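Enquirer: Structure provided below as structure tokens; questions to follow.
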Number of protein chains: 2
Amino acid sequence: MERRERADAARNRRAILAAAEELLREHPPEEVSVERVALAAGVGKGTVFHRFGSRVGLMQELMSERAHTLEQAVVEGPPPLGPGAPARERLVAFLDAVVAMATRSAGLIAAHEHARLTQKAGGGTRLANPIYVSWHRHVSALIAEARPDVDAELAGHVLLGTLHTEPISSLLHAGESARVAATLGDLARGLLGDAGGPLKAGGG
Amino acid sequence: MERRERADAARNRRAILAAAEELLREHPPEEVSVERVALAAGVGKGTVFHRFGSRVGLMQELMSERAHTLEQAVVEGPPPLGPGAPARERLVAFLDAVVAMATRSAGLIAAHEHARLTQKAGGGTRLANPIYVSWHRHVSALIAEARPDVDAELAGHVLLGTLHTEPISSLLHAGESARVAATLGDLARGLLGDAGGPLKAGGG
DNA sequence: TAATATATGGACCGGCGGTCAAGTTTGTCT
DNA sequence: AGACAAACTTGACCGCCGGTCCATATATTA
């Protein structure tokens, strides 16, 4: 049987995550070094690396926290997000939800991207991020279900990857998330061959 | 009247660009430091910074070189890339061309992204990259022309920004550019309300 | 309380992008 | 040709980064 995490360790883990969250809320990612996070959390730099392995690991842990609720809503929540609705509606609902989450976490997403690109070992692709993988699986499954003839895997990357992109990310940060959600919806509906085209929803 | 660039300076500039190009062809971006480029070019590190200002500046210069021919084809070349064809066809042709260029420059694009995110001054958004700006202007103008009701600016960012994204970029590197071009075409046609939907072109 | 597994912290490492003052080369003018 | 100024080159140097290491401190268990 596994030993539980020690109490002080758990306390520090929470302190580190909270400090990182706050720093990312108020500073651009490249100004939030691991050392600063450690300082703000009141722990040593080594402790952060011991807990999270690397800068990337820390960012991924933060993202996991936030993604958890969305994950649950998708697998067992009510339609249109959860099972039961037609694929096209589920896809649009999911994109809306992801955009909403990305809006709340704009700085974090940028920081994660920043960390991924600056890490020492070059092998870390985005496909090593379990959250991205699970979201992409969901999106491409929905696309494939509605349109078996399109390249669902790739279209999924386009729709999701966009949120990691700098122009979009800064738009989210500026409060324009409605536009982003609308445009992603237009693209998704267009791809899935919605009757009436993107006009109806895009104008809102 | 402006003085011309000195002969030795011009020689060094070309040596630096050539060395950077070669290194990026054979190594992942995070292994190509400015110092290594300088070493490979047979010049001092300070010279690189003197010529190009920063790592980002160097990468942008490389991209500018490659983008030049495409730029010309767009403004004065024959249709469907150049003026004369309907917006929808010009858009698809342009996306094809951009994908082709991105395929040839996959390492460079990644390196530019890498440089952008690791630079000291945090102010450098992608919108400071003149090539991206001009391409985006072109794409969104075409979208707006064909579909005044959609958010052309944003849709343009989605279609173009995708190429800077890691899953797509690695696919390009792996020789799957046809899939990428097809999917972008599907999305573009879907958004623009192509009769018949994405089926026709996406299946190839 | 004694023993043991676990957690801690900060000095340390190699390497990065970027700076700069001092030295060298080039083009120009007489 | 010679002399002069402007342009160019250079590499030691700076501050900082992500990551490592291990002597020390602490929580847990018996």
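Starting from 1 in every chain, residues are counted up; chains themselves are A, B, ... following the order of the structure tokens, and ligands are numbered from 1 as listed.
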Where in range 90-125 of chain B does DSSP assign helix (DSSP H, G or I), given as an NGL selection string?
Expert: :B and (90-104 or 106-118)
Enquirer: Please report, as JSON lines, each residue of chain A lying at most 8 Å from chain C, together with the nearest pair of atoms and the separation in Å rounded to one decimal; use only C-alpha atoms (C1' of nucleotides), and order rows by chain and ascending residue number.
Expert:
{"residue": "A:Arg6", "atom": "CA", "partner": "C:DT6", "partner_atom": "C1'", "distance": 7.6}
{"residue": "A:Asp8", "atom": "CA", "partner": "C:DA7", "partner_atom": "C1'", "distance": 8.0}
{"residue": "A:Ala9", "atom": "CA", "partner": "C:DA7", "partner_atom": "C1'", "distance": 6.7}
{"residue": "A:Val43", "atom": "CA", "partner": "C:DG9", "partner_atom": "C1'", "distance": 7.5}
{"residue": "A:Gly44", "atom": "CA", "partner": "C:DG9", "partner_atom": "C1'", "distance": 4.7}
{"residue": "A:Lys45", "atom": "CA", "partner": "C:DG9", "partner_atom": "C1'", "distance": 6.9}
{"residue": "A:Gly46", "atom": "CA", "partner": "C:DG9", "partner_atom": "C1'", "distance": 6.2}
{"residue": "A:Thr47", "atom": "CA", "partner": "C:DT8", "partner_atom": "C1'", "distance": 6.3}
Enquirer: Generate a file of the selected residues that holds N, CA and C atoms, formatted as a compact mmCIF listing (two decimals), in the first residue's frame.
Expert:
# COMPACT_ATOMS: atom_id res chain seq x y z
N ARG A 6 2.90 13.51 2.61
CA ARG A 6 3.05 14.10 3.95
C ARG A 6 2.30 15.42 4.04
N ASP A 8 3.00 18.35 5.35
CA ASP A 8 3.72 19.58 4.97
C ASP A 8 3.89 19.66 3.45
N ALA A 9 4.08 18.50 2.85
CA ALA A 9 4.24 18.49 1.40
C ALA A 9 2.96 18.95 0.71
N VAL A 43 8.69 29.00 -0.32
CA VAL A 43 9.44 27.74 -0.27
C VAL A 43 10.72 27.90 -1.09
N GLY A 44 11.55 26.91 -1.01
CA GLY A 44 12.79 26.94 -1.77
C GLY A 44 12.54 26.52 -3.21
N LYS A 45 13.42 26.95 -4.06
CA LYS A 45 13.28 26.62 -5.48
C LYS A 45 13.32 25.11 -5.70
N GLY A 46 14.19 24.45 -4.98
CA GLY A 46 14.30 22.99 -5.12
C GLY A 46 12.99 22.28 -4.84
N THR A 47 12.23 22.82 -3.90
CA THR A 47 10.96 22.18 -3.54
C THR A 47 10.01 22.16 -4.74
Enquirer: After a least-squares superposition on chain A over all sequentially paired C-alpha atoms, what is chain B as a short mmCIF file (atom, residue, chain, number, x, y, z; two decimals) with C-alpha atoms, in the first residue's frame?
Expert:
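The resulting file, part.cif, is reproduced below:
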data_model
loop_
_atom_site.label_atom_id
_atom_site.label_comp_id
_atom_site.auth_asym_id
_atom_site.auth_seq_id
_atom_site.Cartn_x
_atom_site.Cartn_y
_atom_site.Cartn_z
CA MET B 1 0.02 -0.11 -0.25
CA GLU B 2 1.13 3.36 -1.18
CA ARG B 3 2.05 5.83 1.47
CA ARG B 4 0.06 9.02 1.48
CA GLU B 5 1.62 12.38 0.70
CA ARG B 6 3.01 13.94 3.82
CA ALA B 7 1.05 16.82 5.35
CA ASP B 8 3.76 19.42 4.90
CA ALA B 9 4.26 18.37 1.31
CA ALA B 10 0.57 18.78 0.58
CA ARG B 11 0.58 22.19 2.20
CA ASN B 12 3.53 23.31 0.12
CA ARG B 13 2.00 21.96 -3.07
CA ARG B 14 -1.09 24.04 -2.53
CA ALA B 15 0.96 27.11 -1.64
CA ILE B 16 3.02 26.74 -4.81
CA LEU B 17 0.00 26.32 -7.06
CA ALA B 18 -1.74 29.29 -5.47
CA ALA B 19 1.34 31.49 -5.79
CA ALA B 20 1.82 30.52 -9.43
CA GLU B 21 -1.81 31.24 -10.18
CA GLU B 22 -1.62 34.67 -8.65
CA LEU B 23 1.64 35.60 -10.34
CA LEU B 24 0.30 34.52 -13.72
CA ARG B 25 -2.77 36.62 -13.17
CA GLU B 26 -0.69 39.74 -12.75
CA HIS B 27 2.39 39.24 -14.87
CA PRO B 28 3.22 38.05 -18.37
CA PRO B 29 4.54 34.47 -18.45
CA GLU B 30 8.15 35.29 -19.20
CA GLU B 31 8.32 37.28 -15.98
CA VAL B 32 7.09 34.39 -13.88
CA SER B 33 10.18 32.29 -13.28
CA VAL B 34 10.13 29.19 -11.15
CA GLU B 35 12.29 30.99 -8.64
CA ARG B 36 9.78 33.80 -8.28
CA VAL B 37 6.98 31.31 -7.77
CA ALA B 38 9.01 29.62 -5.06
CA LEU B 39 9.73 32.93 -3.38
CA ALA B 40 6.08 33.95 -3.47
CA ALA B 41 5.03 30.59 -2.07
CA GLY B 42 7.56 30.85 0.72
CA VAL B 43 9.43 27.68 -0.22
CA GLY B 44 12.79 26.89 -1.72
CA LYS B 45 13.28 26.65 -5.45
CA GLY B 46 14.30 23.02 -5.16
CA THR B 47 10.96 22.18 -3.61
CA VAL B 48 9.08 23.31 -6.68
CA PHE B 49 11.19 21.12 -8.90
CA HIS B 50 10.87 18.23 -6.49
CA ARG B 51 7.07 18.50 -6.54
CA PHE B 52 6.46 19.21 -10.21
CA GLY B 53 9.55 18.02 -12.00
CA SER B 54 9.95 21.03 -14.23
CA ARG B 55 8.43 24.31 -15.18
CA VAL B 56 6.26 22.52 -17.70
CA GLY B 57 5.09 20.10 -15.04
CA LEU B 58 3.99 22.97 -12.83
CA MET B 59 2.02 24.59 -15.63
CA GLN B 60 0.39 21.31 -16.56
CA GLU B 61 -0.71 20.74 -13.01
CA LEU B 62 -2.36 24.15 -13.00
CA MET B 63 -4.14 23.40 -16.24
CA SER B 64 -5.27 20.01 -15.00
CA GLU B 65 -6.93 21.62 -12.00
CA ARG B 66 -8.99 23.92 -14.17
CA ALA B 67 -9.77 21.35 -16.82
CA HIS B 68 -11.18 18.87 -14.38
CA THR B 69 -14.67 20.31 -14.12
CA LEU B 70 -15.03 20.59 -17.89
CA GLU B 71 -13.85 17.03 -18.25
CA GLN B 72 -16.58 15.83 -15.95
CA ALA B 73 -19.29 17.84 -17.65
CA VAL B 74 -18.34 16.24 -20.94
CA VAL B 75 -18.39 12.62 -19.87
CA GLU B 76 -21.35 12.62 -17.50
CA GLY B 77 -23.03 16.03 -17.63
CA PRO B 78 -26.30 16.97 -19.33
CA PRO B 79 -26.57 17.67 -23.07
CA PRO B 80 -25.55 19.46 -25.16
CA LEU B 81 -22.14 19.26 -23.50
CA GLY B 82 -22.59 15.76 -22.18
CA PRO B 83 -23.76 12.67 -24.05
CA GLY B 84 -27.15 12.63 -25.69
CA ALA B 85 -27.13 15.56 -28.07
CA PRO B 86 -26.23 15.29 -31.77
CA ALA B 87 -22.53 15.49 -32.51
CA ARG B 88 -22.77 18.88 -34.19
CA GLU B 89 -24.41 20.47 -31.19
CA ARG B 90 -22.05 18.79 -28.78
CA LEU B 91 -19.09 20.07 -30.74
CA VAL B 92 -20.28 23.65 -30.73
CA ALA B 93 -21.12 23.45 -27.03
CA PHE B 94 -17.72 21.99 -26.27
CA LEU B 95 -15.91 24.67 -28.23
CA ASP B 96 -17.89 27.29 -26.36
CA ALA B 97 -16.89 25.74 -23.06
CA VAL B 98 -13.26 25.46 -24.03
CA VAL B 99 -13.20 29.08 -25.11
CA ALA B 100 -14.73 30.07 -21.81
CA MET B 101 -12.08 28.13 -19.93
CA ALA B 102 -9.32 29.51 -22.12
CA THR B 103 -10.56 33.01 -21.39
CA ARG B 104 -10.27 32.47 -17.69
CA SER B 105 -6.84 30.90 -18.17
CA ALA B 106 -5.37 33.04 -20.92
CA GLY B 107 -2.20 33.82 -19.01
CA LEU B 108 -1.81 30.24 -17.97
CA ILE B 109 -2.10 28.91 -21.50
CA ALA B 110 0.50 31.36 -22.70
CA ALA B 111 2.73 30.39 -19.82
CA HIS B 112 2.37 26.72 -20.62
CA GLU B 113 3.27 27.36 -24.23
CA HIS B 114 6.18 29.47 -23.08
CA ALA B 115 7.38 26.74 -20.76
CA ARG B 116 7.03 24.06 -23.41
CA LEU B 117 9.21 25.97 -25.82
CA THR B 118 11.90 26.91 -23.34
CA GLN B 119 12.39 23.60 -21.63
CA LYS B 120 15.71 21.86 -21.90
CA ALA B 121 14.66 18.52 -23.31
CA GLY B 122 13.35 19.15 -26.79
CA GLY B 123 11.19 16.04 -26.87
CA GLY B 124 8.13 17.56 -25.26
CA THR B 125 5.45 17.97 -27.87
CA ARG B 126 2.01 19.24 -27.10
CA LEU B 127 0.81 15.72 -27.54
CA ALA B 128 2.50 14.99 -24.23
CA ASN B 129 -0.06 17.22 -22.55
CA PRO B 130 -2.81 14.85 -21.40
CA ILE B 131 -5.44 17.57 -21.32
CA TYR B 132 -4.84 18.60 -24.89
CA VAL B 133 -4.87 14.97 -25.94
CA SER B 134 -8.17 14.24 -24.25
CA TRP B 135 -9.81 17.36 -25.64
CA HIS B 136 -8.53 16.64 -29.08
CA ARG B 137 -9.80 13.09 -28.92
CA HIS B 138 -13.22 14.39 -27.97
CA VAL B 139 -13.34 17.03 -30.69
CA SER B 140 -12.12 14.79 -33.47
CA ALA B 141 -14.47 12.02 -32.43
CA LEU B 142 -17.40 14.40 -32.71
CA ILE B 143 -16.23 15.65 -36.10
CA ALA B 144 -15.74 12.14 -37.38
CA GLU B 145 -19.19 11.15 -36.15
CA ALA B 146 -20.88 13.98 -38.03
CA ARG B 147 -18.66 13.88 -41.09
CA PRO B 148 -16.78 10.62 -41.61
CA ASP B 149 -15.29 11.97 -44.83
CA VAL B 150 -13.26 14.86 -43.43
CA ASP B 151 -9.88 14.65 -41.78
CA ALA B 152 -11.22 14.86 -38.27
CA GLU B 153 -7.89 14.51 -36.53
CA LEU B 154 -6.45 17.49 -38.36
CA ALA B 155 -9.55 19.63 -38.18
CA GLY B 156 -9.56 19.02 -34.45
CA HIS B 157 -6.01 20.30 -34.20
CA VAL B 158 -6.93 23.43 -36.11
CA LEU B 159 -9.94 24.21 -33.95
CA LEU B 160 -8.22 23.52 -30.64
CA GLY B 161 -4.70 24.64 -31.47
CA THR B 162 -6.02 28.06 -32.33
CA LEU B 163 -6.53 28.77 -28.65
CA HIS B 164 -2.82 28.37 -28.04
CA THR B 165 -2.05 30.90 -30.70
CA GLU B 166 -0.90 34.37 -29.81
CA PRO B 167 -3.38 36.59 -31.72
CA ILE B 168 -6.33 34.59 -30.40
CA SER B 169 -4.92 34.33 -26.93
CA SER B 170 -4.51 38.08 -26.67
CA LEU B 171 -8.03 38.58 -27.95
CA LEU B 172 -9.33 36.32 -25.21
CA HIS B 173 -7.34 38.30 -22.72
CA ALA B 174 -8.94 41.47 -24.05
CA GLY B 175 -12.42 40.14 -23.37
CA GLU B 176 -13.33 39.30 -26.95
CA SER B 177 -14.11 35.69 -26.19
CA ALA B 178 -17.59 35.94 -27.69
CA ARG B 179 -16.07 36.67 -31.08
CA VAL B 180 -13.71 33.76 -30.77
CA ALA B 181 -16.47 31.36 -29.77
CA ALA B 182 -18.66 32.60 -32.61
CA THR B 183 -15.95 32.21 -35.20
CA LEU B 184 -14.96 28.75 -34.04
CA GLY B 185 -18.62 27.85 -34.16
CA ASP B 186 -18.90 29.20 -37.69
CA LEU B 187 -15.92 27.18 -38.79
CA ALA B 188 -17.18 24.04 -37.11
CA ARG B 189 -20.68 24.37 -38.56
CA GLY B 190 -19.26 25.18 -41.95
CA LEU B 191 -17.05 22.14 -41.87
CA LEU B 192 -19.87 19.91 -40.68
CA GLY B 193 -22.18 21.17 -43.40
CA ASP B 194 -24.70 22.99 -41.32
CA ALA B 195 -27.81 23.93 -43.28
CA GLY B 196 -27.99 27.70 -43.60
CA GLY B 197 -24.28 28.23 -43.19
CA PRO B 198 -22.51 30.26 -40.56
CA LEU B 199 -24.74 33.29 -40.93
CA LYS B 200 -27.23 32.47 -38.25
CA ALA B 201 -24.90 32.15 -35.28
CA GLY B 202 -21.97 34.21 -36.45
CA GLY B 203 -23.82 37.47 -36.62
CA GLY B 204 -24.47 37.70 -32.89
#
Enquirer: Residues of chain D that have any atom at most 12 Å from an atom of chain A: could you tabulate them with the shortest-distance atom pair and the distance in Å to one decimal, using only C-alpha atoms (C1' of nucleotides), ordered by chain and increasing number, as CSV?
Expert:
residue,atom,partner,partner_atom,distance
D:DC16,C1',A:Ser33,CA,9.6
D:DC17,C1',A:Ser33,CA,7.6
D:DG18,C1',A:Gln119,CA,7.2
D:DG19,C1',A:Ser54,CA,7.7
D:DT20,C1',A:Gly46,CA,8.7
D:DC21,C1',A:Gly46,CA,9.5
D:DC22,C1',A:Gly46,CA,11.4
D:DT26,C1',A:Asp8,CA,8.7
D:DA27,C1',A:Arg6,CA,6.8
D:DT28,C1',A:Arg6,CA,8.3
D:DT29,C1',A:Arg3,CA,11.4
